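One file, final29.csv, carrying CSV, C-alpha atoms:
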```csv
chain,number,residue,atom,x,y,z
L,1352,ARG,CA,21.2,-24.7,-49.3
L,1353,ARG,CA,19.0,-27.7,-48.5
L,1354,GLU,CA,20.6,-31.0,-49.2
L,1355,PRO,CA,19.1,-32.9,-52.1
L,1356,LEU,CA,16.9,-35.9,-51.4
L,1357,GLN,CA,18.9,-39.1,-51.2
L,1358,LEU,CA,16.9,-41.9,-52.6
L,1359,ASN,CA,19.5,-44.5,-52.1
L,1360,GLY,CA,20.5,-43.5,-48.6
L,1361,THR,CA,20.6,-45.9,-45.7
L,1362,SER,CA,17.4,-46.5,-43.7
L,1363,GLU,CA,19.2,-46.2,-40.3
L,1364,PRO,CA,17.9,-43.2,-38.4
L,1365,GLN,CA,20.4,-40.4,-37.8
L,1366,HIS,CA,20.1,-38.6,-34.5
L,1367,PRO,CA,21.8,-35.2,-34.3
L,1368,VAL,CA,24.0,-34.4,-31.3
L,1369,GLY,CA,21.6,-31.9,-29.9
L,1370,ASP,CA,18.6,-34.2,-30.1
L,1371,LYS,CA,17.1,-34.2,-26.7
L,1372,GLY,CA,15.0,-37.4,-27.4
L,1373,GLY,CA,17.9,-39.4,-28.8
L,1374,TRP,CA,18.8,-41.0,-25.5
L,1375,TRP,CA,15.5,-42.8,-25.1
L,1376,ARG,CA,15.5,-43.8,-28.7
L,1377,ALA,CA,18.9,-45.5,-28.2
L,1378,ALA,CA,17.8,-47.0,-24.9
L,1379,VAL,CA,14.4,-48.4,-25.9
L,1380,THR,CA,15.2,-51.2,-28.4
L,1381,PRO,CA,13.0,-54.2,-29.4
L,1382,VAL,CA,15.4,-56.6,-27.7
L,1383,ARG,CA,15.3,-54.7,-24.4
L,1384,CYS,CA,11.5,-54.4,-24.6
L,1385,SER,CA,11.2,-58.1,-25.2
L,1386,GLY,CA,13.6,-58.8,-22.3
L,1387,ALA,CA,11.6,-56.5,-20.0
L,1388,LEU,CA,8.3,-58.3,-20.9
L,1389,LEU,CA,10.0,-61.6,-20.2
L,1390,ALA,CA,11.2,-60.4,-16.8
L,1391,LEU,CA,7.7,-59.1,-16.0
L,1392,THR,CA,6.1,-62.4,-17.0
L,1393,VAL,CA,8.5,-64.4,-14.9
L,1394,GLY,CA,8.2,-62.1,-11.9
L,1395,TYR,CA,4.4,-62.1,-12.1
L,1396,SER,CA,4.4,-65.9,-12.3
L,1397,ALA,CA,6.7,-66.3,-9.4
L,1398,LEU,CA,4.6,-64.0,-7.2
L,1399,LYS,CA,1.4,-65.8,-8.2
L,1400,ALA,CA,3.0,-69.1,-7.4
L,1401,LEU,CA,4.2,-67.8,-4.0
L,1402,PHE,CA,0.8,-66.5,-3.0
L,1403,ARG,CA,-0.8,-69.7,-4.2
L,1404,MET,CA,1.4,-71.7,-2.0
L,1405,LEU,CA,0.9,-69.4,1.0
L,1406,GLN,CA,-2.9,-69.7,0.6
L,1407,SER,CA,-3.1,-73.4,0.0
L,1408,GLY,CA,-0.6,-74.4,2.8
L,1409,LEU,CA,1.4,-77.5,3.1
L,1410,GLY,CA,-1.5,-80.0,2.7
L,1411,ASP,CA,-1.2,-81.6,6.1
L,1412,GLY,CA,-4.2,-79.8,7.6
L,1413,SER,CA,-2.1,-77.3,9.7
L,1414,SER,CA,-2.2,-74.6,7.1
L,1415,SER,CA,-3.1,-71.0,8.0
L,1416,GLY,CA,-4.0,-70.3,4.4
L,1417,SER,CA,-7.5,-69.4,3.1
L,1418,LEU,CA,-7.6,-72.1,0.4
L,1419,PRO,CA,-8.6,-75.7,1.3
L,1420,THR,CA,-6.0,-78.4,1.1
L,1421,GLY,CA,-8.0,-80.2,-1.7
L,1422,GLY,CA,-10.4,-79.3,-4.4
L,1423,THR,CA,-9.1,-75.9,-5.1
L,1424,ALA,CA,-10.2,-74.0,-8.3
L,1425,PRO,CA,-8.4,-74.1,-10.6
L,1426,ALA,CA,-6.9,-77.5,-9.9
L,1427,GLU,CA,-3.3,-77.6,-8.8
L,1428,VAL,CA,-2.1,-79.4,-11.9
L,1429,TRP,CA,-3.6,-76.9,-14.4
L,1430,PHE,CA,-2.5,-74.0,-12.3
L,1431,TRP,CA,1.2,-74.9,-12.4
L,1432,LEU,CA,1.0,-76.0,-16.0
L,1433,THR,CA,-0.4,-72.5,-16.9
L,1434,LEU,CA,2.3,-70.7,-15.1
L,1435,ALA,CA,5.0,-72.9,-16.7
L,1436,ALA,CA,3.5,-72.4,-20.2
L,1437,GLY,CA,3.5,-68.6,-19.7
L,1438,CYS,CA,7.1,-68.5,-18.8
L,1439,VAL,CA,8.1,-70.8,-21.6
L,1440,SER,CA,6.1,-68.9,-24.2
L,1441,SER,CA,7.7,-65.6,-23.1
L,1442,SER,CA,11.2,-67.1,-23.3
L,1443,GLY,CA,10.5,-68.5,-26.8
L,1444,GLU,CA,9.2,-65.1,-27.9
L,1445,HIS,CA,12.3,-63.3,-26.6
L,1446,VAL,CA,14.7,-65.8,-28.3
L,1447,LEU,CA,12.7,-65.5,-31.6
L,1448,CYS,CA,12.8,-61.7,-31.4
L,1449,ARG,CA,16.6,-61.7,-31.0
L,1450,ARG,CA,17.1,-64.1,-33.9
L,1451,LEU,CA,14.9,-62.0,-36.2
L,1452,LEU,CA,16.7,-58.8,-35.3
L,1453,ARG,CA,20.1,-60.4,-35.9
L,1454,ARG,CA,18.9,-61.5,-39.4
L,1455,ALA,CA,17.5,-58.1,-40.2
L,1456,ALA,CA,20.8,-56.4,-39.0
L,1457,ALA,CA,22.9,-58.8,-41.2
L,1458,ALA,CA,20.6,-58.1,-44.2
L,1459,GLY,CA,20.9,-54.4,-43.6
L,1460,GLU,CA,24.7,-54.5,-43.5
L,1461,GLY,CA,24.8,-56.4,-46.7
L,1462,GLY,CA,22.4,-54.0,-48.4
L,1463,ALA,CA,24.4,-51.0,-47.1
L,1464,ALA,CA,27.6,-52.5,-48.5
L,1465,ALA,CA,26.0,-53.1,-51.9
L,1466,ARG,CA,24.7,-49.5,-51.9
L,1467,ALA,CA,28.1,-48.1,-51.0
L,1468,GLY,CA,29.6,-50.1,-53.9
L,1469,GLY,CA,27.0,-48.7,-56.2
L,1470,LYS,CA,27.6,-45.1,-55.0
L,1471,GLN,CA,31.3,-45.6,-55.6
L,1472,LYS,CA,30.7,-46.6,-59.2
L,1473,LYS,CA,28.3,-43.7,-59.7
L,1474,SER,CA,30.8,-41.2,-58.3
L,1475,ASP,CA,33.2,-42.2,-61.0
L,1476,ASP,CA,30.7,-41.3,-63.7
L,1477,PRO,CA,31.1,-37.7,-65.1
L,1478,ALA,CA,27.4,-37.5,-66.0
L,1479,GLU,CA,26.4,-38.4,-62.5
L,1480,ALA,CA,28.7,-35.8,-61.0
L,1481,ALA,CA,27.3,-33.1,-63.4
L,1482,LYS,CA,23.8,-34.1,-62.5
L,1483,LYS,CA,24.5,-33.8,-58.8
L,1484,ALA,CA,26.2,-30.4,-59.2
L,1485,TYR,CA,23.1,-29.2,-61.2
L,1486,LEU,CA,20.7,-30.4,-58.5
L,1487,GLU,CA,22.7,-28.7,-55.8
L,1488,ARG,CA,22.9,-25.4,-57.8
L,1489,THR,CA,19.2,-25.3,-58.7
L,1490,GLY,CA,17.8,-26.9,-55.5
L,1491,PRO,CA,15.2,-24.9,-53.6
L,1492,ARG,CA,16.4,-22.8,-50.8
L,1493,GLN,CA,15.2,-23.3,-47.2
L,1494,VAL,CA,12.6,-20.6,-46.8
L,1495,GLN,CA,10.7,-19.8,-43.6
L,1496,SER,CA,7.1,-20.2,-44.8
L,1497,VAL,CA,5.4,-18.0,-42.1
L,1498,ARG,CA,8.0,-15.2,-42.5
L,1499,ALA,CA,7.6,-15.3,-46.3
L,1500,ILE,CA,3.8,-15.1,-46.0
L,1501,PHE,CA,4.0,-12.1,-43.7
L,1502,ALA,CA,6.5,-10.4,-46.0
L,1503,MET,CA,4.0,-10.8,-48.9
L,1504,VAL,CA,1.1,-9.6,-46.8
L,1505,LYS,CA,3.0,-6.6,-45.4
L,1506,PRO,CA,1.8,-4.1,-48.1
L,1507,ASP,CA,-1.7,-4.7,-46.8
L,1508,TRP,CA,-1.0,-4.1,-43.1
L,1509,HIS,CA,-3.6,-1.4,-42.8
L,1510,LEU,CA,-6.3,-3.8,-44.1
L,1511,MET,CA,-5.0,-6.5,-41.7
L,1512,ALA,CA,-5.4,-4.1,-38.8
L,1513,PHE,CA,-8.9,-3.1,-39.8
L,1514,ALA,CA,-9.9,-6.8,-40.3
L,1515,TYR,CA,-8.6,-7.8,-36.8
L,1516,ALA,CA,-10.3,-4.8,-35.2
L,1517,SER,CA,-13.6,-5.8,-36.9
L,1518,LEU,CA,-13.0,-9.3,-35.7
L,1519,ALA,CA,-12.6,-8.1,-32.1
L,1520,ILE,CA,-15.7,-5.9,-32.2
L,1521,ALA,CA,-17.8,-8.7,-33.8
L,1522,ALA,CA,-16.6,-11.2,-31.2
L,1523,ALA,CA,-17.5,-8.8,-28.4
L,1524,GLY,CA,-20.9,-8.3,-29.9
L,1525,ASP,CA,-21.5,-12.0,-30.2
L,1526,THR,CA,-20.7,-12.6,-26.6
L,1527,SER,CA,-22.9,-9.7,-25.4
L,1528,ILE,CA,-26.1,-10.7,-27.2
L,1529,PRO,CA,-26.8,-13.7,-24.9
L,1530,PHE,CA,-26.3,-11.5,-21.8
L,1531,LEU,CA,-28.8,-8.9,-23.2
L,1532,TYR,CA,-31.3,-11.7,-24.0
L,1533,GLY,CA,-31.1,-12.7,-20.3
L,1534,GLN,CA,-31.6,-9.2,-19.1
L,1535,LEU,CA,-34.5,-8.7,-21.4
L,1536,ILE,CA,-36.3,-11.8,-20.2
L,1537,ASP,CA,-35.6,-10.8,-16.5
L,1538,ALA,CA,-37.1,-7.3,-17.2
L,1539,ILE,CA,-40.3,-8.6,-18.7
L,1540,ALA,CA,-40.9,-11.8,-16.8
L,1541,ILE,CA,-39.5,-11.2,-13.3
L,1542,SER,CA,-39.2,-7.5,-12.4
L,1543,ARG,CA,-41.9,-6.5,-15.0
L,1544,ASP,CA,-40.2,-3.2,-15.6
L,1545,VAL,CA,-41.2,-1.6,-18.9
L,1546,GLY,CA,-38.4,1.0,-18.8
L,1547,LYS,CA,-35.7,-1.6,-18.4
L,1548,PHE,CA,-37.4,-3.8,-21.1
L,1549,GLN,CA,-37.3,-1.0,-23.6
L,1550,GLN,CA,-33.7,-0.1,-22.6
L,1551,TYR,CA,-32.4,-3.7,-23.0
L,1552,MET,CA,-34.4,-4.0,-26.2
L,1553,LEU,CA,-32.7,-1.0,-27.8
L,1554,LEU,CA,-29.3,-2.3,-26.6
L,1555,LEU,CA,-30.0,-5.7,-28.1
L,1556,VAL,CA,-31.0,-4.3,-31.4
L,1557,GLY,CA,-28.0,-1.9,-31.5
L,1558,THR,CA,-25.6,-4.6,-30.5
L,1559,ALA,CA,-26.9,-7.0,-33.2
L,1560,LEU,CA,-26.7,-4.3,-35.8
L,1561,VAL,CA,-23.1,-3.4,-34.9
L,1562,THR,CA,-22.1,-7.1,-34.8
L,1563,GLY,CA,-23.6,-7.7,-38.2
L,1564,VAL,CA,-21.9,-4.7,-39.8
L,1565,PHE,CA,-18.4,-5.5,-38.4
L,1566,THR,CA,-18.9,-9.2,-39.2
L,1567,GLY,CA,-19.4,-8.2,-42.8
L,1568,PHE,CA,-16.4,-5.9,-42.6
L,1569,ARG,CA,-14.2,-8.7,-41.2
L,1570,GLY,CA,-15.2,-11.2,-43.9
L,1571,SER,CA,-14.9,-8.8,-46.9
L,1572,THR,CA,-11.6,-7.5,-45.7
L,1573,PHE,CA,-10.1,-10.9,-45.3
L,1574,ILE,CA,-11.4,-11.8,-48.8
L,1575,VAL,CA,-9.7,-8.7,-50.3
L,1576,ILE,CA,-6.4,-9.5,-48.5
L,1577,GLY,CA,-6.5,-13.1,-49.7
L,1578,GLY,CA,-7.1,-12.0,-53.3
L,1579,ARG,CA,-4.2,-9.6,-53.2
L,1580,PHE,CA,-2.0,-12.2,-51.6
L,1581,SER,CA,-2.9,-14.7,-54.3
L,1582,VAL,CA,-2.0,-12.2,-57.1
L,1583,ARG,CA,1.4,-11.5,-55.5
L,1584,LEU,CA,2.1,-15.2,-55.1
L,1585,ARG,CA,1.2,-15.9,-58.7
L,1586,GLN,CA,3.3,-13.1,-60.0
L,1587,ARG,CA,6.3,-14.3,-58.0
L,1588,LEU,CA,5.8,-17.8,-59.3
L,1589,PHE,CA,5.5,-16.6,-62.9
L,1590,ALA,CA,8.7,-14.5,-62.5
L,1591,SER,CA,10.5,-17.5,-61.1
L,1592,LEU,CA,9.5,-19.7,-64.0
L,1593,LEU,CA,10.7,-17.0,-66.4
L,1594,ARG,CA,14.1,-16.8,-64.7
L,1595,GLN,CA,14.5,-20.5,-65.1
```

Show how you would write the structure in this file as structure tokens.
Amino acid sequence: RREPLQLNGTSEPQHPVGDKGGWWRAAVTPVRCSGALLALTVGYSALKALFRMLQSGLGDGSSSGSLPTGGTAPAEVWFWLTLAAGCVSSSGEHVLCRRLLRRAAAAGEGGAAARAGGKQKKSDDPAEAAKKAYLERTGPRQVQSVRAIFAMVKPDWHLMAFAYASLAIAAAGDTSIPFLYGQLIDAIAISRDVGKFQQYMLLLVGTALVTGVFTGFRGSTFIVIGGRFSVRLRQRLFASLLRQ
């Protein structure tokens, strides 16, 4: 039986033991992502500062760097202020993220405790217990949809075989028609062979006729199968309603 829908359940995701993707869900958390972004920002700023110092030199004229000792763009003051502001902003964002997550966790624990108390009170109510037993007894069973559909279509297996055979023949004809068109044009425009032209013309007309006939067979057969399936489905639904 499928478990009834729990409207008052906790919002924490439950990962089964055999869940292959559970390890990265547990590893990738908002705090760790924020910390990784902070480390990336600090590392990038440090590398940028290092390369800036290597290029600008010591300022005594003996530098081997590619930047001049004065008049660099952007200016030295704005460059260092920008690097410092980036690091400070990332640190503040990380701290704010940790605080918000702690508040959310505390609120979630309080709500879970309140819901647990409400569930304990509801479990003592005989009417609630009777309602839960009724829902479990009359709840829908877990049914494999594809398997159930094939079981209902099984009486029309001969129509299904004919429909798919018609589909294959129609598809083969659709793919052959462009080839025959090309051969027909080559026979009349390049080789100028009247015999080949007439031969490919007859093949083209015959292929188009067969393709059209089996395309009609395919569509009409699938329509009949769909109608019979709809009748069986409605009959089962009505019988289920009568049993209830």

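The gap separating CA of Ser1527 in chain L from CA of Thr1558 in chain L is 7.7 Å, in Å to one decimal.
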
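The residue that comes closest to Met1511 in chain L, out of L:Ile1576, L:Ala1480, L:Leu1592, L:Val1428 and on the basis of only C-alpha atoms, is L:Ile1576.
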
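A straight line drawn from CA of Ile1528 in chain L to CA of Met1552 in chain L is 10.7 Å long.
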
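Distance-wise, CA of Leu1588 in chain L and CA of Lys1482 in chain L end up 24.5 Å apart.
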
## Note on the structure
Ala1502 in chain L proximity check over L:Phe1573, L:Phe1580, L:Phe1402, L:Phe1589, using all atoms listed in the file: winner is L:Phe1580

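If only C-alpha atoms are the atoms counted, then among L:Thr1566, L:Thr1392, L:Thr1380, L:Gln1534 the closest residue to Gln1550 in chain L is L:Gln1534.
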
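Taking all atoms listed in the file into account, Arg1585 in chain L lies nearest to L:Met1503 out of the set L:Ala1559, L:Met1503, L:Tyr1485, L:Ala1538.
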
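The residue that comes closest to Leu1554 in chain L, out of L:Leu1452, L:Ala1499, L:Ala1523, L:Leu1531 and on the basis of all atoms listed in the file, is L:Leu1531.
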